[in-house]
file coords.pdb (PDB, C-alpha atoms)
MODEL        1
ATOM      1  CA  MET A   1       1.495   2.666  -9.726
ATOM      2  CA  THR A   2       2.503  -0.977  -9.189
ATOM      3  CA  GLU A   3       0.088  -3.694  -8.126
ATOM      4  CA  LEU A   4       1.396  -3.632  -4.555
ATOM      5  CA  GLU A   5       1.169   0.159  -4.391
ATOM      6  CA  ALA A   6      -2.414   0.025  -5.638
ATOM      7  CA  GLN A   7      -3.315  -2.601  -3.034
ATOM      8  CA  VAL A   8      -1.754  -0.538  -0.249
ATOM      9  CA  ALA A   9      -3.560   2.607  -1.369
ATOM     10  CA  GLU A  10      -6.897   0.777  -1.576
ATOM     11  CA  TRP A  11      -6.416  -0.731   1.880
ATOM     12  CA  GLY A  12      -5.514   2.637   3.383
ATOM     13  CA  ALA A  13      -8.579   4.255   1.833
ATOM     14  CA  GLU A  14     -10.771   1.776   3.751
ATOM     15  CA  GLU A  15      -8.926   2.180   7.079
ATOM     16  CA  ASP A  16     -10.254   5.255   8.884
ATOM     17  CA  ASN A  17      -7.223   5.217  11.186
ATOM     18  CA  VAL A  18      -4.935   5.684   8.169
ATOM     19  CA  ARG A  19      -4.700   9.259   6.846
ATOM     20  CA  ALA A  20      -1.801   9.163   4.408
ATOM     21  CA  ILE A  21       0.604   6.661   2.848
ATOM     22  CA  ALA A  22       3.869   7.177   0.991
ATOM     23  CA  ILE A  23       6.607   5.059  -0.531
ATOM     24  CA  VAL A  24      10.187   6.049   0.310
ATOM     25  CA  GLY A  25      13.597   4.435  -0.129
ATOM     26  CA  SER A  26      14.802   2.794  -3.319
ATOM     27  CA  ARG A  27      11.304   2.364  -4.743
ATOM     28  CA  ALA A  28      10.891   6.154  -4.745
ATOM     29  CA  ARG A  29      14.445   7.313  -5.455
ATOM     30  CA  THR A  30      15.651   8.791  -8.706
ATOM     31  CA  ASP A  31      19.277   7.839  -7.943
ATOM     32  CA  VAL A  32      20.430   4.293  -7.125
ATOM     33  CA  ARG A  33      17.049   2.996  -8.215
ATOM     34  CA  ALA A  34      15.362  -0.167  -7.015
ATOM     35  CA  ASP A  35      16.223  -3.536  -8.482
ATOM     36  CA  GLU A  36      14.775  -7.031  -8.061
ATOM     37  CA  TRP A  37      16.307  -7.331  -4.580
ATOM     38  CA  SER A  38      14.999  -4.030  -3.240
ATOM     39  CA  ASP A  39      12.483  -3.991  -0.427
ATOM     40  CA  TRP A  40       9.433  -1.763  -0.152
ATOM     41  CA  ASP A  41       9.509   1.046   2.409
ATOM     42  CA  VAL A  42       5.922   2.054   3.135
ATOM     43  CA  VAL A  43       5.222   4.944   5.524
ATOM     44  CA  VAL A  44       1.702   4.875   6.945
ATOM     45  CA  PHE A  45       0.573   8.024   8.767
ATOM     46  CA  ALA A  46      -2.129   7.038  11.260
ATOM     47  CA  ARG A  47      -4.138   8.629  14.046
ATOM     48  CA  ASP A  48      -3.336   5.670  16.324
ATOM     49  CA  PRO A  49      -0.217   3.826  15.131
ATOM     50  CA  ALA A  50      -0.221   1.393  18.074
ATOM     51  CA  ALA A  51      -3.625   0.057  17.056
ATOM     52  CA  LEU A  52      -2.207  -1.041  13.704
ATOM     53  CA  LEU A  53       1.172  -2.200  14.978
ATOM     54  CA  VAL A  54      -0.309  -4.736  17.403
ATOM     55  CA  ARG A  55      -2.476  -6.248  14.676
ATOM     56  CA  GLU A  56      -1.302  -8.608  11.968
ATOM     57  CA  ASP A  57      -4.588  -9.276  10.182
ATOM     58  CA  TRP A  58      -4.192  -6.413   7.693
ATOM     59  CA  ILE A  59      -0.840  -7.565   6.297
ATOM     60  CA  VAL A  60      -2.507 -10.527   4.554
ATOM     61  CA  THR A  61      -4.154  -7.993   2.217
ATOM     62  CA  PHE A  62      -0.904  -7.803   0.237
ATOM     63  CA  GLY A  63       0.074 -11.479   0.069
ATOM     64  CA  ARG A  64       0.802 -14.493   2.214
ATOM     65  CA  PRO A  65       3.136 -13.414   5.043
ATOM     66  CA  ARG A  66       5.732 -15.969   6.112
ATOM     67  CA  LEU A  67       7.811 -13.858   8.538
ATOM     68  CA  THR A  68       6.817 -10.699  10.386
ATOM     69  CA  PHE A  69       8.091  -8.773  13.399
ATOM     70  CA  LEU A  70       8.355  -5.268  14.849
ATOM     71  CA  GLU A  71      11.556  -3.219  14.674
ATOM     72  CA  PRO A  72      12.598   0.404  15.349
ATOM     73  CA  THR A  73      12.709   2.572  12.234
ATOM     74  CA  ALA A  74      16.083   3.723  10.903
ATOM     75  CA  VAL A  75      15.107   7.389  11.431
ATOM     76  CA  GLY A  76      12.424   9.175  13.416
ATOM     77  CA  ASP A  77      12.434   6.940  16.513
ATOM     78  CA  GLN A  78       9.290   5.090  15.446
ATOM     79  CA  VAL A  79       8.326   1.427  14.976
ATOM     80  CA  GLU A  80       7.785  -0.516  11.772
ATOM     81  CA  ARG A  81       6.339  -3.906  10.950
ATOM     82  CA  ARG A  82       8.601  -5.873   8.648
ATOM     83  CA  VAL A  83       7.001  -8.552   6.515
ATOM     84  CA  LEU A  84       8.506 -11.196   4.244
ATOM     85  CA  TYR A  85       5.886 -12.548   1.883
ATOM     86  CA  ASP A  86       5.568 -15.942   0.249
ATOM     87  CA  ASP A  87       6.915 -14.645  -3.082
ATOM     88  CA  GLY A  88      10.080 -13.344  -1.375
ATOM     89  CA  SER A  89       9.051  -9.681  -1.390
ATOM     90  CA  ASP A  90      10.110  -7.710   1.676
ATOM     91  CA  VAL A  91       7.805  -4.901   2.790
ATOM     92  CA  ASP A  92       8.537  -2.584   5.715
ATOM     93  CA  PHE A  93       5.464  -0.789   7.035
ATOM     94  CA  ALA A  94       6.512   2.182   9.192
ATOM     95  CA  ILE A  95       3.319   3.081  11.080
ATOM     96  CA  VAL A  96       3.810   6.614  12.356
ATOM     97  CA  PRO A  97       1.643   9.329  13.957
ATOM     98  CA  ILE A  98       0.183  12.156  11.912
ATOM     99  CA  ASP A  99       2.209  14.749  13.821
ATOM    100  CA  LEU A 100       5.405  13.180  12.484
ATOM    101  CA  LEU A 101       4.659  15.089   9.294
ATOM    102  CA  GLU A 102       6.251  18.072  11.032
ATOM    103  CA  HIS A 103       9.321  16.081  12.126
ATOM    104  CA  PRO A 104      12.713  16.837  10.485
ATOM    105  CA  ALA A 105      12.974  13.105   9.727
ATOM    106  CA  VAL A 106      10.338  13.547   7.018
ATOM    107  CA  ALA A 107      12.495  16.095   5.216
ATOM    108  CA  HIS A 108      15.530  13.837   5.571
ATOM    109  CA  VAL A 109      13.732  10.811   4.127
ATOM    110  CA  ALA A 110      11.846  12.759   1.450
ATOM    111  CA  SER A 111      15.045  14.367   0.175
ATOM    112  CA  ARG A 112      16.004  10.993  -1.323
ATOM    113  CA  GLY A 113      12.615  10.563  -2.987
ATOM    114  CA  ILE A 114       9.014  10.050  -1.928
ATOM    115  CA  LYS A 115       5.920   8.784  -3.741
ATOM    116  CA  VAL A 116       2.532   9.645  -2.268
ATOM    117  CA  LEU A 117      -0.037   6.832  -2.541
ATOM    118  CA  LEU A 118      -2.788   8.286  -0.350
ATOM    119  CA  ASP A 119      -3.439  11.667   1.231
ATOM    120  CA  LYS A 120      -6.985  11.826   2.591
ATOM    121  CA  ASP A 121      -6.675  15.201   4.276
ATOM    122  CA  GLY A 122      -4.155  16.831   1.932
ATOM    123  CA  GLU A 123      -1.697  17.320   4.792
ATOM    124  CA  LEU A 124       1.122  15.267   3.294
ATOM    125  CA  GLU A 125       1.091  17.194   0.008
ATOM    126  CA  LEU A 126       1.123  20.493   1.932
ATOM    127  CA  VAL A 127       4.119  19.412   3.984
ATOM    128  CA  LEU A 128       5.992  18.133   0.939
ATOM    129  CA  ALA A 129       5.327  21.342  -0.959
ATOM    130  CA  ASP A 130       6.847  23.332   1.892
ATOM    131  CA  LEU A 131       9.811  21.093   2.663
ATOM    132  CA  PRO A 132      13.184  22.845   2.802
ATOM    133  CA  GLY A 133      15.981  21.562   0.631
ATOM    134  CA  PRO A 134      18.533  19.179   2.136
ATOM    135  CA  GLU A 135      20.758  20.864   4.681
ATOM    136  CA  PRO A 136      24.347  21.406   3.504
ATOM    137  CA  VAL A 137      26.860  19.003   4.984
ATOM    138  CA  VAL A 138      29.065  20.894   7.427
ATOM    139  CA  PRO A 139      32.718  19.779   7.573
ATOM    140  CA  PRO A 140      33.843  18.479  10.976
ATOM    141  CA  SER A 141      35.369  20.955  13.401
ATOM    142  CA  GLN A 142      38.553  20.484  15.385
ATOM    143  CA  HIS A 143      36.416  19.462  18.352
ATOM    144  CA  ALA A 144      34.476  16.907  16.282
ATOM    145  CA  LEU A 145      37.711  15.385  14.969
ATOM    146  CA  ARG A 146      39.152  15.093  18.470
ATOM    147  CA  GLU A 147      35.914  13.495  19.707
ATOM    148  CA  LEU A 148      35.955  10.906  16.932
ATOM    149  CA  VAL A 149      39.641  10.057  17.367
ATOM    150  CA  SER A 150      39.196   9.741  21.132
ATOM    151  CA  ASP A 151      36.134   7.547  20.660
ATOM    152  CA  PHE A 152      38.008   5.282  18.265
ATOM    153  CA  PHE A 153      41.122   4.812  20.382
ATOM    154  CA  TYR A 154      39.191   4.465  23.646
ATOM    155  CA  HIS A 155      37.360   1.479  22.172
ATOM    156  CA  ALA A 156      40.540   0.156  20.577
ATOM    157  CA  VAL A 157      42.023  -0.038  24.094
ATOM    158  CA  TRP A 158      38.792  -1.659  25.317
ATOM    159  CA  ALA A 159      39.039  -4.317  22.588
ATOM    160  CA  ALA A 160      42.701  -4.957  23.450
ATOM    161  CA  LYS A 161      41.793  -5.541  27.097
ATOM    162  CA  LYS A 162      39.091  -8.013  26.128
ATOM    163  CA  LEU A 163      41.489  -9.826  23.834
ATOM    164  CA  ARG A 164      44.169  -9.964  26.522
ATOM    165  CA  ARG A 165      41.587 -11.495  28.890
ATOM    166  CA  GLY A 166      40.737 -14.140  26.299
ATOM    167  CA  GLU A 167      37.338 -12.740  25.310
ATOM    168  CA  ILE A 168      37.939 -13.282  21.616
ATOM    169  CA  PHE A 169      34.332 -12.919  20.498
ATOM    170  CA  THR A 170      33.785  -9.666  22.390
ATOM    171  CA  ALA A 171      37.040  -8.225  21.094
ATOM    172  CA  LYS A 172      36.219  -9.282  17.536
ATOM    173  CA  ARG A 173      32.764  -7.721  17.746
ATOM    174  CA  CYS A 174      34.285  -4.442  18.893
ATOM    175  CA  VAL A 175      36.874  -4.429  16.091
ATOM    176  CA  ASP A 176      34.544  -5.591  13.320
ATOM    177  CA  SER A 177      31.503  -3.598  14.420
ATOM    178  CA  TYR A 178      32.098  -0.630  16.702
ATOM    179  CA  LEU A 179      35.523   0.406  15.389
ATOM    180  CA  GLU A 180      34.465  -0.179  11.794
ATOM    181  CA  ASN A 181      31.441   2.087  12.289
ATOM    182  CA  VAL A 182      33.718   4.854  13.583
ATOM    183  CA  LEU A 183      36.046   4.152  10.678
ATOM    184  CA  ILE A 184      33.198   4.651   8.225
ATOM    185  CA  ARG A 185      32.618   8.103   9.720
ATOM    186  CA  ILE A 186      36.211   9.140   9.009
ATOM    187  CA  LEU A 187      35.947   7.694   5.490
ATOM    188  CA  GLU A 188      32.843   9.815   4.894
ATOM    189  CA  TRP A 189      34.619  12.906   6.226
ATOM    190  CA  ARG A 190      37.738  12.251   4.171
ATOM    191  CA  THR A 191      35.734  11.620   0.982
ATOM    192  CA  ARG A 192      33.747  14.842   1.371
ATOM    193  CA  ALA A 193      36.852  16.809   2.360
ATOM    194  CA  ALA A 194      38.439  15.777  -0.934
ATOM    195  CA  ASN A 195      35.210  16.332  -2.879
ATOM    196  CA  PRO A 196      32.506  18.405  -1.142
ATOM    197  CA  GLN A 197      29.981  17.283  -3.775
ATOM    198  CA  ALA A 198      30.465  13.576  -2.992
ATOM    199  CA  ASP A 199      27.363  11.751  -1.800
ATOM    200  CA  THR A 200      28.437   9.402   0.999
ATOM    201  CA  TRP A 201      24.881   8.400   1.962
ATOM    202  CA  HIS A 202      24.832   7.112   5.561
ATOM    203  CA  SER A 203      26.178   4.244   7.667
ATOM    204  CA  GLY A 204      28.301   2.890   4.819
ATOM    205  CA  ARG A 205      25.428   2.569   2.325
ATOM    206  CA  PHE A 206      26.751   2.183  -1.236
ATOM    207  CA  ILE A 207      30.335   2.439   0.033
ATOM    208  CA  GLU A 208      31.388   0.436  -3.016
ATOM    209  CA  GLN A 209      30.315   3.389  -5.163
ATOM    210  CA  TRP A 210      31.669   6.404  -3.287
ATOM    211  CA  LEU A 211      34.953   4.986  -1.942
ATOM    212  CA  ASP A 212      37.891   4.462  -4.282
ATOM    213  CA  SER A 213      38.811   0.847  -5.025
ATOM    214  CA  ASP A 214      42.262   0.881  -3.384
ATOM    215  CA  THR A 215      40.930   2.293  -0.110
ATOM    216  CA  LEU A 216      37.996  -0.101  -0.215
ATOM    217  CA  ALA A 217      40.335  -3.081  -0.643
ATOM    218  CA  GLU A 218      42.435  -1.917   2.302
ATOM    219  CA  PHE A 219      39.276  -1.432   4.352
ATOM    220  CA  GLY A 220      38.279  -5.031   3.620
ATOM    221  CA  ARG A 221      41.540  -6.299   5.104
ATOM    222  CA  THR A 222      40.750  -4.762   8.504
ATOM    223  CA  PHE A 223      38.153  -7.419   9.359
ATOM    224  CA  ALA A 224      39.056 -10.391  11.550
ATOM    225  CA  ALA A 225      38.585 -14.136  11.506
ATOM    226  CA  TYR A 226      37.353 -15.702  14.737
ATOM    227  CA  GLU A 227      40.743 -16.526  16.179
ATOM    228  CA  GLU A 228      42.883 -14.678  18.678
ATOM    229  CA  ALA A 229      45.867 -13.992  16.435
ATOM    230  CA  ASP A 230      43.749 -12.611  13.637
ATOM    231  CA  VAL A 231      41.685 -10.387  15.913
ATOM    232  CA  ARG A 232      44.985  -8.919  17.126
ATOM    233  CA  ARG A 233      46.110  -8.412  13.519
ATOM    234  CA  ALA A 234      42.796  -6.826  12.587
ATOM    235  CA  LEU A 235      42.899  -4.472  15.572
ATOM    236  CA  PHE A 236      46.299  -3.077  14.599
ATOM    237  CA  ALA A 237      45.330  -2.967  10.914
ATOM    238  CA  THR A 238      42.170  -1.038  11.785
ATOM    239  CA  MET A 239      44.168   1.378  13.925
ATOM    240  CA  ASP A 240      46.685   1.990  11.140
ATOM    241  CA  PHE A 241      43.931   2.444   8.570
ATOM    242  CA  PHE A 242      41.950   4.837  10.778
ATOM    243  CA  ARG A 243      45.047   6.844  11.718
ATOM    244  CA  GLU A 244      46.074   7.352   8.084
ATOM    245  CA  ARG A 245      42.603   8.456   6.959
ATOM    246  CA  ALA A 246      42.113  10.701   9.986
ATOM    247  CA  ARG A 247      45.440  12.408   9.275
ATOM    248  CA  GLU A 248      44.477  12.847   5.616
ATOM    249  CA  THR A 249      41.145  14.339   6.674
ATOM    250  CA  ALA A 250      42.818  16.720   9.104
ATOM    251  CA  GLY A 251      45.235  17.857   6.417
ATOM    252  CA  LEU A 252      42.490  18.427   3.837
ATOM    253  CA  LEU A 253      40.437  20.471   6.311
ATOM    254  CA  GLY A 254      43.287  22.404   7.872
ATOM    255  CA  LEU A 255      42.801  20.738  11.264
ATOM    256  CA  GLU A 256      45.312  19.306  13.722
ATOM    257  CA  TYR A 257      45.369  15.554  14.142
ATOM    258  CA  PRO A 258      45.058  14.622  17.881
ATOM    259  CA  GLN A 259      48.413  12.871  18.028
ATOM    260  CA  ALA A 260      48.697  12.829  21.824
ATOM    261  CA  GLU A 261      45.492  10.800  22.196
ATOM    262  CA  ASP A 262      46.662   8.389  19.505
ATOM    263  CA  ASP A 263      50.139   7.975  21.059
ATOM    264  CA  PHE A 264      48.799   7.273  24.525
ATOM    265  CA  ALA A 265      46.248   4.682  23.405
ATOM    266  CA  THR A 266      48.594   2.995  20.929
ATOM    267  CA  GLY A 267      51.330   2.688  23.552
ATOM    268  CA  LEU A 268      48.887   1.149  26.006
ATOM    269  CA  ILE A 269      47.611  -1.331  23.418
ATOM    270  CA  LYS A 270      51.139  -2.404  22.525
ATOM    271  CA  ARG A 271      51.815  -3.118  26.184
ATOM    272  CA  LEU A 272      48.574  -5.101  26.475
ATOM    273  CA  LEU A 273      49.263  -7.059  23.281
ATOM    274  CA  PRO A 274      53.061  -7.317  22.935
TER     275      PRO A 274
ENDMDL
END
call {"tool": "encode", "arguments": {"input": "coords.pdb", "output": "structure tokens"}}
result
Amino acid sequence: MTELEAQVAEWGAEEDNVRAIAIVGSRARTDVRADEWSDWDVVVFARDPAALLVREDWIVTFGRPRLTFLEPTAVGDQVERRVLYDDGSDVDFAIVPIDLLEHPAVAHVASRGIKVLLDKDGELELVLADLPGPEPVVPPSQHALRELVSDFFYHAVWAAKKLRRGEIFTAKRCVDSYLENVLIRILEWRTRAANPQADTWHSGRFIEQWLDSDTLAEFGRTFAAYEEADVRRALFATMDFFRERARETAGLLGLEYPQAEDDFATGLIKRLLP
């Protein structure tokens, strides 16, 4: 147990509101382990999470805080307090209710690794002992592929309209954020279709490790500079890149690529941005 982990466990033992504490994320994983830049993901199971979240006095127990704020958790629809300490360490305290132990999010997070620091009532160990294994990743259906392609091209048209109106920033944000997020989904699907054992993580995490170098380089060229001509270039490059990977995915899975949706949207975009 590290010094910080020991301090957190000791603090939790003195807080009656706190019933269990665990470390998750890179500090608890056995694959893609933590390095000097990794943050600390601390899950605190409490009877009354709000009572801890509104307070800041307890965070000084672990160092001198320089920045702190509240933010929604990545999974589980909860709230966490993020703290950046004087020594540069970044600690995220997810303060969650006891009944979240029964939430599927616990299984999802624990599947990557979990380290129990405190378990006053023994409930966390019981839950962990009875956790099911990670659910198998189900390949996308024809309906799911059509939904994703429609989503992508709908927003591609939306970005083209904004660009035509002169809203360069809004168009760029759509291309470099929304469309790229949809693109990552098709890259995950395509990677797993080619290799069902591939671990694509989530939301593009560790994309440099699970995506081949040529595809990754092409992906990098789909981002735009903040100028009208380059946002236009990036939009068409993103469309071409998405289309090719979606077709590859469809072929690998024996699905039909939604060509009609693509043709309609692409034709409209070319008229908007001749």
call {"tool": "closest_residue", "arguments": {"input": "coords.pdb", "among": "A:Ala260, A:Ala22, A:Ala28, A:Leu252", "to": "A:Leu117", "atoms": "all atoms listed in the file"}}
result
A:Ala22
call {"tool": "resolve_selection", "arguments": {"input": "coords.pdb", "expression": "the PyMOL selection byres ((chain A and resi 44-48) around 10)", "output": "mmCIF file with C-alpha atoms, in the frame of the given file"}}
result
data_model
loop_
_atom_site.group_PDB
_atom_site.id
_atom_site.type_symbol
_atom_site.label_atom_id
_atom_site.label_comp_id
_atom_site.auth_asym_id
_atom_site.auth_seq_id
_atom_site.Cartn_x
_atom_site.Cartn_y
_atom_site.Cartn_z
ATOM 1 C CA VAL A 8 -1.754 -0.538 -0.249
ATOM 2 C CA GLY A 12 -5.514 2.637 3.383
ATOM 3 C CA GLU A 15 -8.926 2.180 7.079
ATOM 4 C CA ASP A 16 -10.254 5.255 8.884
ATOM 5 C CA ASN A 17 -7.223 5.217 11.186
ATOM 6 C CA VAL A 18 -4.935 5.684 8.169
ATOM 7 C CA ARG A 19 -4.700 9.259 6.846
ATOM 8 C CA ALA A 20 -1.801 9.163 4.408
ATOM 9 C CA ILE A 21 0.604 6.661 2.848
ATOM 10 C CA ALA A 22 3.869 7.177 0.991
ATOM 11 C CA ILE A 23 6.607 5.059 -0.531
ATOM 12 C CA ASP A 41 9.509 1.046 2.409
ATOM 13 C CA VAL A 42 5.922 2.054 3.135
ATOM 14 C CA VAL A 43 5.222 4.944 5.524
ATOM 15 C CA PRO A 49 -0.217 3.826 15.131
ATOM 16 C CA ALA A 50 -0.221 1.393 18.074
ATOM 17 C CA ALA A 51 -3.625 0.057 17.056
ATOM 18 C CA LEU A 52 -2.207 -1.041 13.704
ATOM 19 C CA LEU A 53 1.172 -2.200 14.978
ATOM 20 C CA GLU A 80 7.785 -0.516 11.772
ATOM 21 C CA PHE A 93 5.464 -0.789 7.035
ATOM 22 C CA ALA A 94 6.512 2.182 9.192
ATOM 23 C CA ILE A 95 3.319 3.081 11.080
ATOM 24 C CA VAL A 96 3.810 6.614 12.356
ATOM 25 C CA PRO A 97 1.643 9.329 13.957
ATOM 26 C CA ILE A 98 0.183 12.156 11.912
ATOM 27 C CA ASP A 99 2.209 14.749 13.821
ATOM 28 C CA LEU A 100 5.405 13.180 12.484
ATOM 29 C CA LEU A 101 4.659 15.089 9.294
ATOM 30 C CA LEU A 117 -0.037 6.832 -2.541
ATOM 31 C CA LEU A 118 -2.788 8.286 -0.350
ATOM 32 C CA ASP A 119 -3.439 11.667 1.231
ATOM 33 C CA LEU A 124 1.122 15.267 3.294
#
call {"tool": "atom_distance", "arguments": {"input": "coords.pdb", "atom1": "atom CA of A:Glu218", "atom2": "atom CA of A:Leu255"}}
result
24.4 Å
call {"tool": "closest_residue", "arguments": {"input": "coords.pdb", "among": "A:Gly204, A:Pro196, A:Gly88, A:Pro258", "to": "A:Arg64", "atoms": "only C-alpha atoms"}}
result
A:Gly88
call {"tool": "residues_around", "arguments": {"input": "coords.pdb", "residues": "A:Phe206", "least_positions_apart": "2", "cutoff": "12 Å", "atoms": "only C-alpha atoms", "output": "PyMOL selection string"}}
result
chain A and resi 31-33+184+188+199-204+208-212+216
call {"tool": "write_last_selection", "arguments": {"input": "coords.pdb", "atoms": "C-alpha atoms", "output": "PDB file, in the coordinates of the input"}}
result
ATOM      1  CA  ASP A  31      19.277   7.839  -7.943  1.00  0.00           C
ATOM      2  CA  VAL A  32      20.430   4.293  -7.125  1.00  0.00           C
ATOM      3  CA  ARG A  33      17.049   2.996  -8.215  1.00  0.00           C
ATOM      4  CA  ILE A 184      33.198   4.651   8.225  1.00  0.00           C
ATOM      5  CA  GLU A 188      32.843   9.815   4.894  1.00  0.00           C
ATOM      6  CA  ASP A 199      27.363  11.751  -1.800  1.00  0.00           C
ATOM      7  CA  THR A 200      28.437   9.402   0.999  1.00  0.00           C
ATOM      8  CA  TRP A 201      24.881   8.400   1.962  1.00  0.00           C
ATOM      9  CA  HIS A 202      24.832   7.112   5.561  1.00  0.00           C
ATOM     10  CA  SER A 203      26.178   4.244   7.667  1.00  0.00           C
ATOM     11  CA  GLY A 204      28.301   2.890   4.819  1.00  0.00           C
ATOM     12  CA  GLU A 208      31.388   0.436  -3.016  1.00  0.00           C
ATOM     13  CA  GLN A 209      30.315   3.389  -5.163  1.00  0.00           C
ATOM     14  CA  TRP A 210      31.669   6.404  -3.287  1.00  0.00           C
ATOM     15  CA  LEU A 211      34.953   4.986  -1.942  1.00  0.00           C
ATOM     16  CA  ASP A 212      37.891   4.462  -4.282  1.00  0.00           C
ATOM     17  CA  LEU A 216      37.996  -0.101  -0.215  1.00  0.00           C
TER      18      LEU A 216
END
call {"tool": "closest_residue", "arguments": {"input": "coords.pdb", "among": "A:Arg66, A:Arg29, A:Arg243, A:Arg221", "to": "A:Ile114", "atoms": "only C-alpha atoms"}}
result
A:Arg29
call {"tool": "resolve_selection", "arguments": {"input": "coords.pdb", "expression": "the PyMOL selection byres ((chain A and resi 166) around 12)", "output": "list in words"}}
result
Ala159, Ala160, Lys161, Lys162, Leu163, Arg164, Arg165, Glu167, Ile168, Phe169, Thr170, Ala171, Lys172, Glu227, Glu228, Ala229, Val231, Arg232, Leu272 and Leu273 of chain A
call {"tool": "atom_distance", "arguments": {"input": "coords.pdb", "atom1": "atom CA of A:Ala144", "atom2": "atom CA of A:Ala234"}}
result
25.4 Å
call {"tool": "closest_residue", "arguments": {"input": "coords.pdb", "among": "A:Ile186, A:Val91, A:Ala74, A:Ala194", "to": "A:Ile59", "atoms": "all atoms listed in the file"}}
result
A:Val91
call {"tool": "resolve_selection", "arguments": {"input": "coords.pdb", "expression": "the PyMOL selection byres ((chain A and resi 7) around 12)", "output": "number ranges by chain"}}
result
A: 1-6, 8-14, 21, 58-63, 117-118
call {"tool": "atom_distance", "arguments": {"input": "coords.pdb", "atom1": "atom CA of A:Trp189", "atom2": "atom CA of A:Pro140"}}
result
7.4 Å
call {"tool": "build_atoms", "arguments": {"input": "coords.pdb", "residues": "stretch 7-25 of chain A", "atoms": "N, CA and C atoms", "output": "PDB file, in the coordinates of the input"}}
result
ATOM      1  N   GLN A   7      -2.689  -1.858  -4.135  1.00  0.00           N
ATOM      2  CA  GLN A   7      -3.315  -2.601  -3.034  1.00  0.00           C
ATOM      3  C   GLN A   7      -3.175  -1.849  -1.713  1.00  0.00           C
ATOM      4  N   VAL A   8      -1.990  -1.286  -1.486  1.00  0.00           N
ATOM      5  CA  VAL A   8      -1.754  -0.538  -0.249  1.00  0.00           C
ATOM      6  C   VAL A   8      -2.637   0.708  -0.203  1.00  0.00           C
ATOM      7  N   ALA A   9      -2.735   1.402  -1.318  1.00  0.00           N
ATOM      8  CA  ALA A   9      -3.560   2.607  -1.369  1.00  0.00           C
ATOM      9  C   ALA A   9      -5.032   2.270  -1.143  1.00  0.00           C
ATOM     10  N   GLU A  10      -5.497   1.190  -1.742  1.00  0.00           N
ATOM     11  CA  GLU A  10      -6.897   0.777  -1.576  1.00  0.00           C
ATOM     12  C   GLU A  10      -7.183   0.383  -0.137  1.00  0.00           C
ATOM     13  N   TRP A  11      -6.248  -0.349   0.465  1.00  0.00           N
ATOM     14  CA  TRP A  11      -6.416  -0.731   1.880  1.00  0.00           C
ATOM     15  C   TRP A  11      -6.473   0.502   2.765  1.00  0.00           C
ATOM     16  N   GLY A  12      -5.551   1.436   2.559  1.00  0.00           N
ATOM     17  CA  GLY A  12      -5.514   2.637   3.383  1.00  0.00           C
ATOM     18  C   GLY A  12      -6.774   3.470   3.249  1.00  0.00           C
ATOM     19  N   ALA A  13      -7.358   3.485   2.052  1.00  0.00           N
ATOM     20  CA  ALA A  13      -8.579   4.255   1.833  1.00  0.00           C
ATOM     21  C   ALA A  13      -9.735   3.717   2.668  1.00  0.00           C
ATOM     22  N   GLU A  14      -9.700   2.401   2.974  1.00  0.00           N
ATOM     23  CA  GLU A  14     -10.771   1.776   3.751  1.00  0.00           C
ATOM     24  C   GLU A  14     -10.506   1.815   5.253  1.00  0.00           C
ATOM     25  N   GLU A  15      -9.294   2.127   5.656  1.00  0.00           N
ATOM     26  CA  GLU A  15      -8.926   2.180   7.079  1.00  0.00           C
ATOM     27  C   GLU A  15      -9.053   3.623   7.575  1.00  0.00           C
ATOM     28  N   ASP A  16     -10.047   3.883   8.407  1.00  0.00           N
ATOM     29  CA  ASP A  16     -10.254   5.255   8.884  1.00  0.00           C
ATOM     30  C   ASP A  16      -9.064   5.760   9.689  1.00  0.00           C
ATOM     31  N   ASN A  17      -8.386   4.851  10.375  1.00  0.00           N
ATOM     32  CA  ASN A  17      -7.223   5.217  11.186  1.00  0.00           C
ATOM     33  C   ASN A  17      -6.083   5.754  10.320  1.00  0.00           C
ATOM     34  N   VAL A  18      -6.005   5.291   9.094  1.00  0.00           N
ATOM     35  CA  VAL A  18      -4.935   5.684   8.169  1.00  0.00           C
ATOM     36  C   VAL A  18      -5.325   6.979   7.462  1.00  0.00           C
ATOM     37  N   ARG A  19      -4.410   7.970   7.477  1.00  0.00           N
ATOM     38  CA  ARG A  19      -4.700   9.259   6.846  1.00  0.00           C
ATOM     39  C   ARG A  19      -3.852   9.518   5.608  1.00  0.00           C
ATOM     40  N   ALA A  20      -2.670   8.955   5.574  1.00  0.00           N
ATOM     41  CA  ALA A  20      -1.801   9.163   4.408  1.00  0.00           C
ATOM     42  C   ALA A  20      -0.817   8.007   4.309  1.00  0.00           C
ATOM     43  N   ILE A  21      -0.372   7.728   3.090  1.00  0.00           N
ATOM     44  CA  ILE A  21       0.604   6.661   2.848  1.00  0.00           C
ATOM     45  C   ILE A  21       1.580   7.135   1.779  1.00  0.00           C
ATOM     46  N   ALA A  22       2.851   6.819   1.981  1.00  0.00           N
ATOM     47  CA  ALA A  22       3.869   7.177   0.991  1.00  0.00           C
ATOM     48  C   ALA A  22       4.896   6.058   0.879  1.00  0.00           C
ATOM     49  N   ILE A  23       5.485   5.961  -0.290  1.00  0.00           N
ATOM     50  CA  ILE A  23       6.607   5.059  -0.531  1.00  0.00           C
ATOM     51  C   ILE A  23       7.886   5.887  -0.474  1.00  0.00           C
ATOM     52  N   VAL A  24       8.884   5.396   0.262  1.00  0.00           N
ATOM     53  CA  VAL A  24      10.187   6.049   0.310  1.00  0.00           C
ATOM     54  C   VAL A  24      11.254   5.000   0.001  1.00  0.00           C
ATOM     55  N   GLY A  25      12.518   5.389   0.125  1.00  0.00           N
ATOM     56  CA  GLY A  25      13.597   4.435  -0.129  1.00  0.00           C
ATOM     57  C   GLY A  25      13.817   4.209  -1.613  1.00  0.00           C
TER      58      GLY A  25
END
